[in-house]
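Peer 1: Okay, so here is model-v5.txt, and as you'll see once you scroll down, it has compact mmCIF, N, CA and C atoms.
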```txt
# COMPACT_ATOMS: atom_id res chain seq x y z
N MET A 1 -62.46 -191.42 -29.65
CA MET A 1 -63.57 -190.50 -29.79
C MET A 1 -64.33 -190.48 -28.45
N THR A 2 -64.82 -189.32 -28.09
CA THR A 2 -65.54 -189.16 -26.84
C THR A 2 -67.02 -188.87 -27.12
N PHE A 3 -67.81 -188.96 -26.08
CA PHE A 3 -69.22 -188.63 -26.24
C PHE A 3 -69.38 -187.15 -26.61
N LEU A 4 -68.50 -186.30 -26.12
CA LEU A 4 -68.55 -184.88 -26.50
C LEU A 4 -68.39 -184.72 -28.01
N ASP A 5 -67.58 -185.56 -28.64
CA ASP A 5 -67.45 -185.54 -30.10
C ASP A 5 -68.80 -185.85 -30.75
N VAL A 6 -69.53 -186.78 -30.18
CA VAL A 6 -70.86 -187.13 -30.70
C VAL A 6 -71.79 -185.93 -30.55
N VAL A 7 -71.80 -185.32 -29.38
CA VAL A 7 -72.66 -184.16 -29.13
C VAL A 7 -72.35 -183.06 -30.14
N ASN A 8 -71.08 -182.75 -30.31
CA ASN A 8 -70.69 -181.70 -31.26
C ASN A 8 -71.09 -182.05 -32.68
N HIS A 9 -70.94 -183.31 -33.04
CA HIS A 9 -71.32 -183.76 -34.38
C HIS A 9 -72.83 -183.60 -34.59
N LEU A 10 -73.62 -184.04 -33.63
CA LEU A 10 -75.07 -183.93 -33.77
C LEU A 10 -75.53 -182.48 -33.82
N ASP A 11 -74.82 -181.62 -33.13
CA ASP A 11 -75.15 -180.20 -33.12
C ASP A 11 -74.80 -179.53 -34.44
N ALA A 12 -73.66 -179.87 -34.99
CA ALA A 12 -73.14 -179.16 -36.17
C ALA A 12 -73.59 -179.75 -37.50
N THR A 13 -74.06 -180.98 -37.50
CA THR A 13 -74.39 -181.66 -38.75
C THR A 13 -75.88 -181.56 -39.03
N ARG A 14 -76.21 -181.18 -40.23
CA ARG A 14 -77.61 -180.97 -40.60
C ARG A 14 -78.40 -182.29 -40.61
N VAL A 15 -77.88 -183.27 -41.30
CA VAL A 15 -78.51 -184.59 -41.36
C VAL A 15 -77.52 -185.59 -40.81
N VAL A 16 -77.96 -186.38 -39.85
CA VAL A 16 -77.09 -187.39 -39.27
C VAL A 16 -77.61 -188.77 -39.67
N ALA A 17 -76.70 -189.74 -39.70
CA ALA A 17 -77.10 -191.11 -40.02
C ALA A 17 -77.09 -191.92 -38.74
N ILE A 18 -78.26 -192.39 -38.36
CA ILE A 18 -78.36 -193.27 -37.21
C ILE A 18 -78.21 -194.69 -37.73
N ILE A 19 -77.37 -195.45 -37.06
CA ILE A 19 -77.11 -196.83 -37.46
C ILE A 19 -77.78 -197.73 -36.43
N THR A 20 -78.70 -198.55 -36.89
CA THR A 20 -79.38 -199.51 -36.03
C THR A 20 -79.22 -200.89 -36.65
N ARG A 21 -79.73 -201.90 -35.97
CA ARG A 21 -79.61 -203.27 -36.46
C ARG A 21 -80.98 -203.88 -36.68
N ARG A 22 -81.10 -204.54 -37.82
CA ARG A 22 -82.32 -205.28 -38.12
C ARG A 22 -82.41 -206.51 -37.22
N GLN A 23 -83.51 -207.19 -37.30
CA GLN A 23 -83.72 -208.38 -36.47
C GLN A 23 -82.65 -209.44 -36.74
N ASP A 24 -82.16 -209.53 -37.98
CA ASP A 24 -81.14 -210.52 -38.31
C ASP A 24 -79.73 -210.08 -37.91
N GLY A 25 -79.63 -208.88 -37.31
CA GLY A 25 -78.34 -208.36 -36.85
C GLY A 25 -77.61 -207.49 -37.85
N SER A 26 -78.09 -207.42 -39.08
CA SER A 26 -77.41 -206.60 -40.08
C SER A 26 -77.68 -205.12 -39.82
N PRO A 27 -76.66 -204.27 -40.02
CA PRO A 27 -76.83 -202.84 -39.76
C PRO A 27 -77.57 -202.15 -40.90
N THR A 28 -78.24 -201.06 -40.54
CA THR A 28 -78.89 -200.22 -41.53
C THR A 28 -78.70 -198.77 -41.11
N ALA A 29 -78.57 -197.90 -42.08
CA ALA A 29 -78.38 -196.46 -41.84
C ALA A 29 -79.63 -195.71 -42.25
N THR A 30 -80.05 -194.79 -41.40
CA THR A 30 -81.23 -193.98 -41.67
C THR A 30 -80.88 -192.50 -41.45
N PRO A 31 -81.13 -191.64 -42.43
CA PRO A 31 -80.88 -190.21 -42.22
C PRO A 31 -81.98 -189.61 -41.35
N ILE A 32 -81.56 -188.91 -40.29
CA ILE A 32 -82.52 -188.24 -39.41
C ILE A 32 -81.96 -186.88 -39.00
N TRP A 33 -82.76 -186.13 -38.28
CA TRP A 33 -82.34 -184.85 -37.73
C TRP A 33 -82.02 -185.00 -36.25
N ALA A 34 -81.17 -184.11 -35.77
CA ALA A 34 -80.83 -184.08 -34.34
C ALA A 34 -80.67 -182.63 -33.92
N VAL A 35 -81.01 -182.36 -32.67
CA VAL A 35 -80.77 -181.03 -32.09
C VAL A 35 -80.10 -181.21 -30.73
N VAL A 36 -79.41 -180.17 -30.32
CA VAL A 36 -78.73 -180.18 -29.02
C VAL A 36 -79.24 -178.99 -28.22
N ILE A 37 -79.66 -179.26 -26.99
CA ILE A 37 -80.18 -178.22 -26.10
C ILE A 37 -79.39 -178.28 -24.80
N ASP A 38 -78.73 -177.18 -24.47
CA ASP A 38 -77.93 -177.11 -23.24
C ASP A 38 -76.95 -178.28 -23.15
N GLY A 39 -76.34 -178.62 -24.28
CA GLY A 39 -75.34 -179.68 -24.31
C GLY A 39 -75.89 -181.09 -24.34
N VAL A 40 -77.21 -181.24 -24.45
CA VAL A 40 -77.84 -182.57 -24.47
C VAL A 40 -78.45 -182.78 -25.86
N PRO A 41 -78.05 -183.85 -26.55
CA PRO A 41 -78.63 -184.12 -27.88
C PRO A 41 -79.93 -184.90 -27.81
N TYR A 42 -80.80 -184.60 -28.78
CA TYR A 42 -82.09 -185.26 -28.88
C TYR A 42 -82.36 -185.64 -30.33
N VAL A 43 -83.06 -186.75 -30.52
CA VAL A 43 -83.55 -187.16 -31.83
C VAL A 43 -85.01 -187.54 -31.68
N ARG A 44 -85.70 -187.51 -32.80
CA ARG A 44 -87.14 -187.75 -32.77
C ARG A 44 -87.53 -188.43 -34.08
N SER A 45 -88.45 -189.36 -34.00
CA SER A 45 -88.94 -190.01 -35.20
C SER A 45 -90.09 -189.20 -35.79
N ALA A 46 -89.83 -188.56 -36.91
CA ALA A 46 -90.86 -187.77 -37.57
C ALA A 46 -92.03 -188.65 -38.01
N TYR A 47 -91.77 -189.93 -38.23
CA TYR A 47 -92.81 -190.85 -38.68
C TYR A 47 -93.37 -191.69 -37.54
N GLY A 48 -93.09 -191.25 -36.32
CA GLY A 48 -93.63 -191.94 -35.16
C GLY A 48 -93.13 -193.37 -35.04
N GLU A 49 -93.98 -194.23 -34.54
CA GLU A 49 -93.63 -195.61 -34.28
C GLU A 49 -93.44 -196.44 -35.54
N LYS A 50 -93.79 -195.90 -36.70
CA LYS A 50 -93.67 -196.63 -37.96
C LYS A 50 -92.24 -196.68 -38.49
N ALA A 51 -91.38 -195.78 -38.06
CA ALA A 51 -90.01 -195.72 -38.59
C ALA A 51 -89.22 -196.95 -38.16
N TRP A 52 -88.50 -197.53 -39.11
CA TRP A 52 -87.70 -198.72 -38.80
C TRP A 52 -86.70 -198.46 -37.69
N TRP A 53 -86.00 -197.32 -37.78
CA TRP A 53 -84.97 -197.08 -36.78
C TRP A 53 -85.59 -196.99 -35.39
N TYR A 54 -86.77 -196.41 -35.29
CA TYR A 54 -87.47 -196.30 -34.01
C TYR A 54 -87.80 -197.70 -33.49
N ARG A 55 -88.31 -198.55 -34.35
CA ARG A 55 -88.63 -199.92 -33.94
C ARG A 55 -87.39 -200.67 -33.47
N HIS A 56 -86.29 -200.46 -34.17
CA HIS A 56 -85.04 -201.12 -33.78
C HIS A 56 -84.61 -200.67 -32.39
N VAL A 57 -84.68 -199.38 -32.13
CA VAL A 57 -84.31 -198.84 -30.82
C VAL A 57 -85.21 -199.42 -29.74
N MET A 58 -86.50 -199.42 -29.98
CA MET A 58 -87.45 -199.90 -28.99
C MET A 58 -87.29 -201.41 -28.73
N ALA A 59 -86.71 -202.12 -29.70
CA ALA A 59 -86.45 -203.55 -29.53
C ALA A 59 -85.16 -203.80 -28.75
N GLY A 60 -84.47 -202.70 -28.39
CA GLY A 60 -83.26 -202.83 -27.59
C GLY A 60 -82.00 -203.13 -28.37
N ARG A 61 -82.03 -202.89 -29.66
CA ARG A 61 -80.85 -203.16 -30.49
C ARG A 61 -79.83 -202.03 -30.40
N ASP A 62 -78.58 -202.34 -30.75
CA ASP A 62 -77.51 -201.35 -30.71
C ASP A 62 -77.82 -200.14 -31.56
N VAL A 63 -77.33 -198.98 -31.12
CA VAL A 63 -77.52 -197.72 -31.83
C VAL A 63 -76.17 -197.01 -31.92
N ALA A 64 -75.91 -196.42 -33.07
CA ALA A 64 -74.69 -195.63 -33.27
C ALA A 64 -75.02 -194.50 -34.23
N PHE A 65 -74.14 -193.53 -34.29
CA PHE A 65 -74.25 -192.48 -35.29
C PHE A 65 -73.01 -192.51 -36.16
N ALA A 66 -73.21 -192.37 -37.48
CA ALA A 66 -72.08 -192.21 -38.38
C ALA A 66 -71.48 -190.85 -38.08
N MET A 67 -70.17 -190.80 -37.97
CA MET A 67 -69.50 -189.56 -37.57
C MET A 67 -69.01 -188.79 -38.79
N ALA A 68 -69.90 -188.60 -39.74
CA ALA A 68 -69.67 -187.81 -40.95
C ALA A 68 -71.03 -187.33 -41.41
N ASP A 69 -71.07 -186.64 -42.51
CA ASP A 69 -72.33 -186.11 -43.01
C ASP A 69 -73.31 -187.24 -43.26
N GLY A 70 -74.36 -187.28 -42.49
CA GLY A 70 -75.34 -188.34 -42.61
C GLY A 70 -76.22 -188.25 -43.83
N ALA A 71 -76.15 -187.15 -44.56
CA ALA A 71 -76.95 -187.02 -45.77
C ALA A 71 -76.58 -188.09 -46.79
N VAL A 72 -75.38 -188.65 -46.67
CA VAL A 72 -74.99 -189.73 -47.58
C VAL A 72 -75.97 -190.89 -47.47
N ALA A 73 -76.57 -191.09 -46.31
CA ALA A 73 -77.53 -192.18 -46.12
C ALA A 73 -78.80 -191.96 -46.94
N GLU A 74 -79.06 -190.71 -47.33
CA GLU A 74 -80.21 -190.45 -48.19
C GLU A 74 -79.96 -190.96 -49.61
N ARG A 75 -78.69 -190.97 -50.00
CA ARG A 75 -78.32 -191.37 -51.35
C ARG A 75 -77.83 -192.82 -51.43
N ASP A 76 -77.09 -193.26 -50.41
CA ASP A 76 -76.46 -194.57 -50.48
C ASP A 76 -76.23 -195.11 -49.07
N LYS A 77 -77.15 -195.93 -48.59
CA LYS A 77 -77.06 -196.44 -47.22
C LYS A 77 -75.82 -197.30 -47.02
N ALA A 78 -75.39 -198.02 -48.06
CA ALA A 78 -74.20 -198.87 -47.93
C ALA A 78 -72.97 -198.03 -47.66
N VAL A 79 -72.85 -196.90 -48.34
CA VAL A 79 -71.72 -195.99 -48.10
C VAL A 79 -71.78 -195.46 -46.68
N ALA A 80 -72.96 -195.12 -46.22
CA ALA A 80 -73.11 -194.59 -44.85
C ALA A 80 -72.65 -195.62 -43.82
N LEU A 81 -72.85 -196.89 -44.12
CA LEU A 81 -72.44 -197.94 -43.18
C LEU A 81 -70.93 -198.09 -43.11
N ASP A 82 -70.23 -197.58 -44.11
CA ASP A 82 -68.76 -197.64 -44.12
C ASP A 82 -68.12 -196.47 -43.38
N LEU A 83 -68.92 -195.48 -42.98
CA LEU A 83 -68.39 -194.32 -42.28
C LEU A 83 -68.00 -194.70 -40.85
N PRO A 84 -67.03 -194.00 -40.26
CA PRO A 84 -66.74 -194.24 -38.84
C PRO A 84 -68.00 -193.98 -38.03
N ARG A 85 -68.19 -194.75 -36.98
CA ARG A 85 -69.40 -194.57 -36.17
C ARG A 85 -69.07 -194.65 -34.69
N GLU A 86 -69.96 -194.08 -33.91
CA GLU A 86 -69.80 -194.07 -32.46
C GLU A 86 -71.09 -194.60 -31.84
N ARG A 87 -70.95 -195.60 -31.00
CA ARG A 87 -72.10 -196.21 -30.32
C ARG A 87 -72.64 -195.25 -29.25
N VAL A 88 -73.96 -195.22 -29.12
CA VAL A 88 -74.64 -194.39 -28.13
C VAL A 88 -75.80 -195.19 -27.54
N ALA A 89 -76.47 -194.61 -26.59
CA ALA A 89 -77.72 -195.15 -26.07
C ALA A 89 -78.79 -194.07 -26.23
N LEU A 90 -80.02 -194.49 -26.36
CA LEU A 90 -81.14 -193.55 -26.47
C LEU A 90 -82.10 -193.80 -25.33
N GLU A 91 -82.47 -192.72 -24.65
CA GLU A 91 -83.43 -192.79 -23.54
C GLU A 91 -84.72 -192.10 -23.97
N PRO A 92 -85.85 -192.80 -23.88
CA PRO A 92 -87.12 -192.17 -24.26
C PRO A 92 -87.42 -190.93 -23.41
N VAL A 93 -87.97 -189.93 -24.06
CA VAL A 93 -88.42 -188.71 -23.39
C VAL A 93 -89.95 -188.70 -23.46
N PRO A 94 -90.63 -188.68 -22.33
CA PRO A 94 -92.10 -188.68 -22.36
C PRO A 94 -92.65 -187.49 -23.16
N ALA A 95 -93.73 -187.71 -23.86
CA ALA A 95 -94.33 -186.67 -24.71
C ALA A 95 -94.71 -185.43 -23.92
N ASP A 96 -95.04 -185.59 -22.63
CA ASP A 96 -95.45 -184.44 -21.84
C ASP A 96 -94.29 -183.75 -21.12
N ASN A 97 -93.07 -184.21 -21.36
CA ASN A 97 -91.90 -183.57 -20.76
C ASN A 97 -91.74 -182.17 -21.37
N PRO A 98 -91.58 -181.13 -20.55
CA PRO A 98 -91.45 -179.76 -21.07
C PRO A 98 -90.28 -179.56 -22.03
N ILE A 99 -89.28 -180.45 -21.99
CA ILE A 99 -88.15 -180.29 -22.92
C ILE A 99 -88.62 -180.40 -24.37
N ASN A 100 -89.75 -181.08 -24.59
CA ASN A 100 -90.24 -181.22 -25.96
C ASN A 100 -90.56 -179.87 -26.60
N ASP A 101 -91.02 -178.91 -25.81
CA ASP A 101 -91.27 -177.57 -26.36
C ASP A 101 -89.97 -176.94 -26.83
N ARG A 102 -88.91 -177.14 -26.07
CA ARG A 102 -87.60 -176.59 -26.45
C ARG A 102 -87.03 -177.34 -27.66
N ILE A 103 -87.31 -178.63 -27.75
CA ILE A 103 -86.88 -179.40 -28.92
C ILE A 103 -87.60 -178.88 -30.16
N ASP A 104 -88.90 -178.63 -30.05
CA ASP A 104 -89.66 -178.05 -31.16
C ASP A 104 -89.02 -176.75 -31.63
N GLU A 105 -88.70 -175.87 -30.68
CA GLU A 105 -88.08 -174.58 -31.01
C GLU A 105 -86.73 -174.79 -31.69
N ALA A 106 -85.94 -175.72 -31.18
CA ALA A 106 -84.62 -175.98 -31.76
C ALA A 106 -84.75 -176.54 -33.18
N LEU A 107 -85.75 -177.38 -33.41
CA LEU A 107 -85.98 -177.90 -34.76
C LEU A 107 -86.35 -176.78 -35.71
N TRP A 108 -87.22 -175.85 -35.27
CA TRP A 108 -87.59 -174.71 -36.11
C TRP A 108 -86.37 -173.86 -36.43
N THR A 109 -85.49 -173.69 -35.46
CA THR A 109 -84.30 -172.86 -35.67
C THR A 109 -83.32 -173.53 -36.64
N LYS A 110 -83.01 -174.79 -36.39
CA LYS A 110 -81.99 -175.49 -37.19
C LYS A 110 -82.47 -175.79 -38.61
N TYR A 111 -83.77 -176.06 -38.76
CA TYR A 111 -84.29 -176.52 -40.06
C TYR A 111 -85.36 -175.58 -40.62
N ALA A 112 -85.23 -174.30 -40.34
CA ALA A 112 -86.23 -173.31 -40.74
C ALA A 112 -86.50 -173.29 -42.24
N ASP A 113 -85.52 -173.71 -43.03
CA ASP A 113 -85.70 -173.68 -44.48
C ASP A 113 -86.52 -174.87 -45.00
N GLU A 114 -86.96 -175.75 -44.09
CA GLU A 114 -87.79 -176.89 -44.47
C GLU A 114 -89.04 -176.95 -43.59
N PRO A 115 -89.89 -175.91 -43.66
CA PRO A 115 -91.02 -175.83 -42.73
C PRO A 115 -91.98 -177.02 -42.77
N SER A 116 -92.25 -177.58 -43.94
CA SER A 116 -93.18 -178.71 -43.97
C SER A 116 -92.59 -179.93 -43.28
N SER A 117 -91.28 -180.11 -43.38
CA SER A 117 -90.63 -181.23 -42.68
C SER A 117 -90.59 -181.00 -41.18
N VAL A 118 -90.36 -179.76 -40.78
CA VAL A 118 -90.36 -179.46 -39.34
C VAL A 118 -91.76 -179.74 -38.78
N GLU A 119 -92.77 -179.37 -39.50
CA GLU A 119 -94.14 -179.62 -39.02
C GLU A 119 -94.37 -181.10 -38.74
N GLU A 120 -93.76 -181.98 -39.56
CA GLU A 120 -93.88 -183.43 -39.32
C GLU A 120 -93.20 -183.85 -38.02
N THR A 121 -92.13 -183.14 -37.65
CA THR A 121 -91.36 -183.55 -36.47
C THR A 121 -91.90 -182.98 -35.17
N ILE A 122 -92.91 -182.13 -35.25
CA ILE A 122 -93.45 -181.55 -34.01
C ILE A 122 -94.89 -181.98 -33.74
N THR A 123 -95.36 -182.97 -34.48
CA THR A 123 -96.72 -183.49 -34.24
C THR A 123 -96.74 -184.27 -32.92
N PRO A 124 -97.91 -184.45 -32.34
CA PRO A 124 -97.99 -185.28 -31.13
C PRO A 124 -97.41 -186.68 -31.33
N ARG A 125 -97.64 -187.26 -32.51
CA ARG A 125 -97.10 -188.59 -32.83
C ARG A 125 -95.58 -188.59 -32.76
N ALA A 126 -94.95 -187.58 -33.35
CA ALA A 126 -93.49 -187.49 -33.35
C ALA A 126 -92.97 -187.17 -31.94
N ARG A 127 -93.62 -186.25 -31.26
CA ARG A 127 -93.17 -185.90 -29.90
C ARG A 127 -93.17 -187.11 -28.98
N ALA A 128 -94.07 -188.04 -29.21
CA ALA A 128 -94.13 -189.26 -28.40
C ALA A 128 -92.97 -190.21 -28.71
N CYS A 129 -92.21 -189.90 -29.74
CA CYS A 129 -91.09 -190.75 -30.19
C CYS A 129 -89.77 -189.97 -30.10
N THR A 130 -89.58 -189.28 -29.01
CA THR A 130 -88.38 -188.46 -28.78
C THR A 130 -87.42 -189.21 -27.86
N PHE A 131 -86.13 -189.08 -28.18
CA PHE A 131 -85.09 -189.71 -27.37
C PHE A 131 -84.01 -188.72 -27.00
N ARG A 132 -83.48 -188.88 -25.82
CA ARG A 132 -82.26 -188.20 -25.36
C ARG A 132 -81.11 -189.12 -25.73
N VAL A 133 -80.08 -188.56 -26.36
CA VAL A 133 -78.90 -189.34 -26.73
C VAL A 133 -77.92 -189.27 -25.57
N VAL A 134 -77.47 -190.44 -25.11
CA VAL A 134 -76.52 -190.51 -23.99
C VAL A 134 -75.38 -191.44 -24.37
N ALA A 135 -74.31 -191.37 -23.61
CA ALA A 135 -73.16 -192.24 -23.84
C ALA A 135 -73.56 -193.69 -23.62
N ALA A 136 -73.02 -194.56 -24.45
CA ALA A 136 -73.33 -196.00 -24.32
C ALA A 136 -72.56 -196.60 -23.16
```
Is it possible to give me this structure as structure tokens?

Peer 2:
Amino acid sequence: MTFLDVVNHLDATRVVAIITRRQDGSPTATPIWAVVIDGVPYVRSAYGEKAWWYRHVMAGRDVAFAMADGAVAERDKAVALDLPRERVALEPVPADNPINDRIDEALWTKYADEPSSVEETITPRARACTFRVVAA
């Protein structure tokens, strides 16, 4: 699998499962949204710094994406952990970076049928928790 496969997956999949590791090293799956702009994928914590997956990333723990429909993580995290996964790295994007405006637009486009959820992902708190997805 290549990083381009990850980019295509994040672009085409409505809900993706990000796989992070708890402090004890055990993996956990969290359903999140992702958008791709000009071939670059981005993810954002709608719940800001409170989200477990965000804390795990900021602690420097491994990050991967399940390479199947991540919505399964909404129903059964254990099943999501059994899916094939691809390791990635996440680079923080400063809240004042102009790409955040384009990420907001892409979120509105991809998830237009869930306006209240999109509103959560474009708050200043969420924008401050944006990452660029890069190859590990």

Peer 1: Check the smallest atom-to-atom distance from each of A:Pro94, A:Pro124, A:Ser45, A:Ile32 to Arg14 in chain A using all atoms listed in the file, then report the winner.

Peer 2: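 Ranking A:Pro94, A:Pro124, A:Ser45, A:Ile32 by distance to Arg14 in chain A, first place goes to A:Ile32.
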
Peer 1: Run DSSP on the backbone and tell me which residues of range 27-102 of chain A come out as strand (DSSP E); list them as JSON, numbers by chain.

Peer 2: {"A": [27, 28, 29, 30, 31, 32, 34, 35, 36, 37, 40, 41, 42, 43, 44, 63, 64, 65, 66, 85, 86, 87, 88, 89, 90, 91, 92, 93]}

Peer 1: Closest to Leu107 in chain A among A:Val36, A:Ala59, A:Val79, A:Val7, using all atoms listed in the file?

Peer 2: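 Of A:Val36, A:Ala59, A:Val79, A:Val7, the one nearest Leu107 in chain A is A:Val36, counting all atoms listed in the file.
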
Peer 1: Which residues come within 6 Å of range 48-53 of chain A, counting all atoms listed in the file, excluding same-chain residues fewer than 6 positions away, as a PyMOL selection string?

Peer 2: chain A and resi 125-126+129

Peer 1: Name all residues at most 6 Å from range 15-27 of chain A (count only N, CA and C atoms; drop same-chain ones fewer than 4 positions away) and give them as number ranges by chain.

Peer 2: A: 31-34, 56, 61-66, 69-71

Peer 1: Output N, CA and C atoms for every residue in that selection, as an mmCIF file, in the frame of the given file.

Peer 2:
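Heads up, here's the output in part_34.cif:
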```cif
data_model
loop_
_atom_site.group_PDB
_atom_site.id
_atom_site.type_symbol
_atom_site.label_atom_id
_atom_site.label_comp_id
_atom_site.auth_asym_id
_atom_site.auth_seq_id
_atom_site.Cartn_x
_atom_site.Cartn_y
_atom_site.Cartn_z
ATOM 1 N N PRO A 31 -81.130 -191.640 -42.430
ATOM 2 C CA PRO A 31 -80.880 -190.210 -42.220
ATOM 3 C C PRO A 31 -81.980 -189.610 -41.350
ATOM 4 N N ILE A 32 -81.560 -188.910 -40.290
ATOM 5 C CA ILE A 32 -82.520 -188.240 -39.410
ATOM 6 C C ILE A 32 -81.960 -186.880 -39.000
ATOM 7 N N TRP A 33 -82.760 -186.130 -38.280
ATOM 8 C CA TRP A 33 -82.340 -184.850 -37.730
ATOM 9 C C TRP A 33 -82.020 -185.000 -36.250
ATOM 10 N N ALA A 34 -81.170 -184.110 -35.770
ATOM 11 C CA ALA A 34 -80.830 -184.080 -34.340
ATOM 12 C C ALA A 34 -80.670 -182.630 -33.920
ATOM 13 N N HIS A 56 -86.290 -200.460 -34.170
ATOM 14 C CA HIS A 56 -85.040 -201.120 -33.780
ATOM 15 C C HIS A 56 -84.610 -200.670 -32.390
ATOM 16 N N ARG A 61 -82.030 -202.890 -29.660
ATOM 17 C CA ARG A 61 -80.850 -203.160 -30.490
ATOM 18 C C ARG A 61 -79.830 -202.030 -30.400
ATOM 19 N N ASP A 62 -78.580 -202.340 -30.750
ATOM 20 C CA ASP A 62 -77.510 -201.350 -30.710
ATOM 21 C C ASP A 62 -77.820 -200.140 -31.560
ATOM 22 N N VAL A 63 -77.330 -198.980 -31.120
ATOM 23 C CA VAL A 63 -77.520 -197.720 -31.830
ATOM 24 C C VAL A 63 -76.170 -197.010 -31.920
ATOM 25 N N ALA A 64 -75.910 -196.420 -33.070
ATOM 26 C CA ALA A 64 -74.690 -195.630 -33.270
ATOM 27 C C ALA A 64 -75.020 -194.500 -34.230
ATOM 28 N N PHE A 65 -74.140 -193.530 -34.290
ATOM 29 C CA PHE A 65 -74.250 -192.480 -35.290
ATOM 30 C C PHE A 65 -73.010 -192.510 -36.160
ATOM 31 N N ALA A 66 -73.210 -192.370 -37.480
ATOM 32 C CA ALA A 66 -72.080 -192.210 -38.380
ATOM 33 C C ALA A 66 -71.480 -190.850 -38.080
ATOM 34 N N ASP A 69 -71.070 -186.640 -42.510
ATOM 35 C CA ASP A 69 -72.330 -186.110 -43.010
ATOM 36 C C ASP A 69 -73.310 -187.240 -43.260
ATOM 37 N N GLY A 70 -74.360 -187.280 -42.490
ATOM 38 C CA GLY A 70 -75.340 -188.340 -42.610
ATOM 39 C C GLY A 70 -76.220 -188.250 -43.830
ATOM 40 N N ALA A 71 -76.150 -187.150 -44.560
ATOM 41 C CA ALA A 71 -76.950 -187.020 -45.770
ATOM 42 C C ALA A 71 -76.580 -188.090 -46.790
#
```

Peer 1: I'd like to know which of A:Ala29, A:Ala46, A:Val133, A:Met58 is closest to Leu90 in chain A, using only C-alpha atoms.

Peer 2: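 Smallest separation from Leu90 in chain A among the options: A:Val133.
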
Peer 1: Enter the distance from CA of Val134 in chain A to atom N of Glu91 in chain A, in Å, rounded to one decimal.

Peer 2: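 We find that CA of Val134 in chain A and atom N of Glu91 in chain A lie 6.4 Å from each other.
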
Peer 1: CA of Arg127 in chain A and atom N of Ile99 in chain A, how far apart in Å?

Peer 2: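 For atom N of Ile99 in chain A relative to CA of Arg127 in chain A, the distance reads 10.4 Å.
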
Peer 1: To one decimal place in Å, what is the distance between atom N of Tyr111 in chain A and CA of Ala73 in chain A?

Peer 2: 18.8 Å

Peer 1: Pull the neighbourhood of (-81.1, -175.6, -25.2) for me: all residues within 10 Å in file coordinates, counting only C-alpha atoms, as number ranges by chain.

Peer 2: A: 35-41, 99, 102-103, 105-106

Peer 1: Can you pull out the residues contacting Thr2 in chain A? Cut-off 12 Å, using only C-alpha atoms, and skip same-chain residues under 6 positions away; I want them as a ChimeraX atom specification.

Peer 2: /A:8-9,67,85-88,134-136

Peer 1: Output requested as a PDB file, keeping the file's coordinate frame - range 8-18 of chain A, filled out with N, CA, C and O atoms.

Peer 2:
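Contents of the output file rebuild.pdb:
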```pdb
ATOM      1  N   ASN A   8     -71.080-182.750 -30.310  1.00  0.00           N
ATOM      2  CA  ASN A   8     -70.690-181.700 -31.260  1.00  0.00           C
ATOM      3  C   ASN A   8     -71.090-182.050 -32.680  1.00  0.00           C
ATOM      4  O   ASN A   8     -71.542-181.189 -33.446  1.00  0.00           O
ATOM      5  N   HIS A   9     -70.940-183.310 -33.040  1.00  0.00           N
ATOM      6  CA  HIS A   9     -71.320-183.760 -34.380  1.00  0.00           C
ATOM      7  C   HIS A   9     -72.830-183.600 -34.590  1.00  0.00           C
ATOM      8  O   HIS A   9     -73.263-183.073 -35.626  1.00  0.00           O
ATOM      9  N   LEU A  10     -73.620-184.040 -33.630  1.00  0.00           N
ATOM     10  CA  LEU A  10     -75.070-183.930 -33.770  1.00  0.00           C
ATOM     11  C   LEU A  10     -75.530-182.480 -33.820  1.00  0.00           C
ATOM     12  O   LEU A  10     -76.509-182.146 -34.492  1.00  0.00           O
ATOM     13  N   ASP A  11     -74.820-181.620 -33.130  1.00  0.00           N
ATOM     14  CA  ASP A  11     -75.150-180.200 -33.120  1.00  0.00           C
ATOM     15  C   ASP A  11     -74.800-179.530 -34.440  1.00  0.00           C
ATOM     16  O   ASP A  11     -75.580-178.747 -34.973  1.00  0.00           O
ATOM     17  N   ALA A  12     -73.660-179.870 -34.990  1.00  0.00           N
ATOM     18  CA  ALA A  12     -73.140-179.160 -36.170  1.00  0.00           C
ATOM     19  C   ALA A  12     -73.590-179.750 -37.500  1.00  0.00           C
ATOM     20  O   ALA A  12     -73.521-179.062 -38.527  1.00  0.00           O
ATOM     21  N   THR A  13     -74.060-180.980 -37.500  1.00  0.00           N
ATOM     22  CA  THR A  13     -74.390-181.660 -38.750  1.00  0.00           C
ATOM     23  C   THR A  13     -75.880-181.560 -39.030  1.00  0.00           C
ATOM     24  O   THR A  13     -76.702-181.842 -38.163  1.00  0.00           O
ATOM     25  N   ARG A  14     -76.210-181.180 -40.230  1.00  0.00           N
ATOM     26  CA  ARG A  14     -77.610-180.970 -40.600  1.00  0.00           C
ATOM     27  C   ARG A  14     -78.400-182.290 -40.610  1.00  0.00           C
ATOM     28  O   ARG A  14     -79.463-182.395 -40.032  1.00  0.00           O
ATOM     29  N   VAL A  15     -77.880-183.270 -41.300  1.00  0.00           N
ATOM     30  CA  VAL A  15     -78.510-184.590 -41.360  1.00  0.00           C
ATOM     31  C   VAL A  15     -77.520-185.590 -40.810  1.00  0.00           C
ATOM     32  O   VAL A  15     -76.373-185.641 -41.254  1.00  0.00           O
ATOM     33  N   VAL A  16     -77.960-186.380 -39.850  1.00  0.00           N
ATOM     34  CA  VAL A  16     -77.090-187.390 -39.270  1.00  0.00           C
ATOM     35  C   VAL A  16     -77.610-188.770 -39.670  1.00  0.00           C
ATOM     36  O   VAL A  16     -78.788-188.940 -39.969  1.00  0.00           O
ATOM     37  N   ALA A  17     -76.700-189.740 -39.700  1.00  0.00           N
ATOM     38  CA  ALA A  17     -77.100-191.110 -40.020  1.00  0.00           C
ATOM     39  C   ALA A  17     -77.090-191.920 -38.740  1.00  0.00           C
ATOM     40  O   ALA A  17     -76.049-192.081 -38.116  1.00  0.00           O
ATOM     41  N   ILE A  18     -78.260-192.390 -38.360  1.00  0.00           N
ATOM     42  CA  ILE A  18     -78.360-193.270 -37.210  1.00  0.00           C
ATOM     43  C   ILE A  18     -78.210-194.690 -37.730  1.00  0.00           C
ATOM     44  O   ILE A  18     -78.795-195.061 -38.752  1.00  0.00           O
TER      45      ILE A  18
END
```
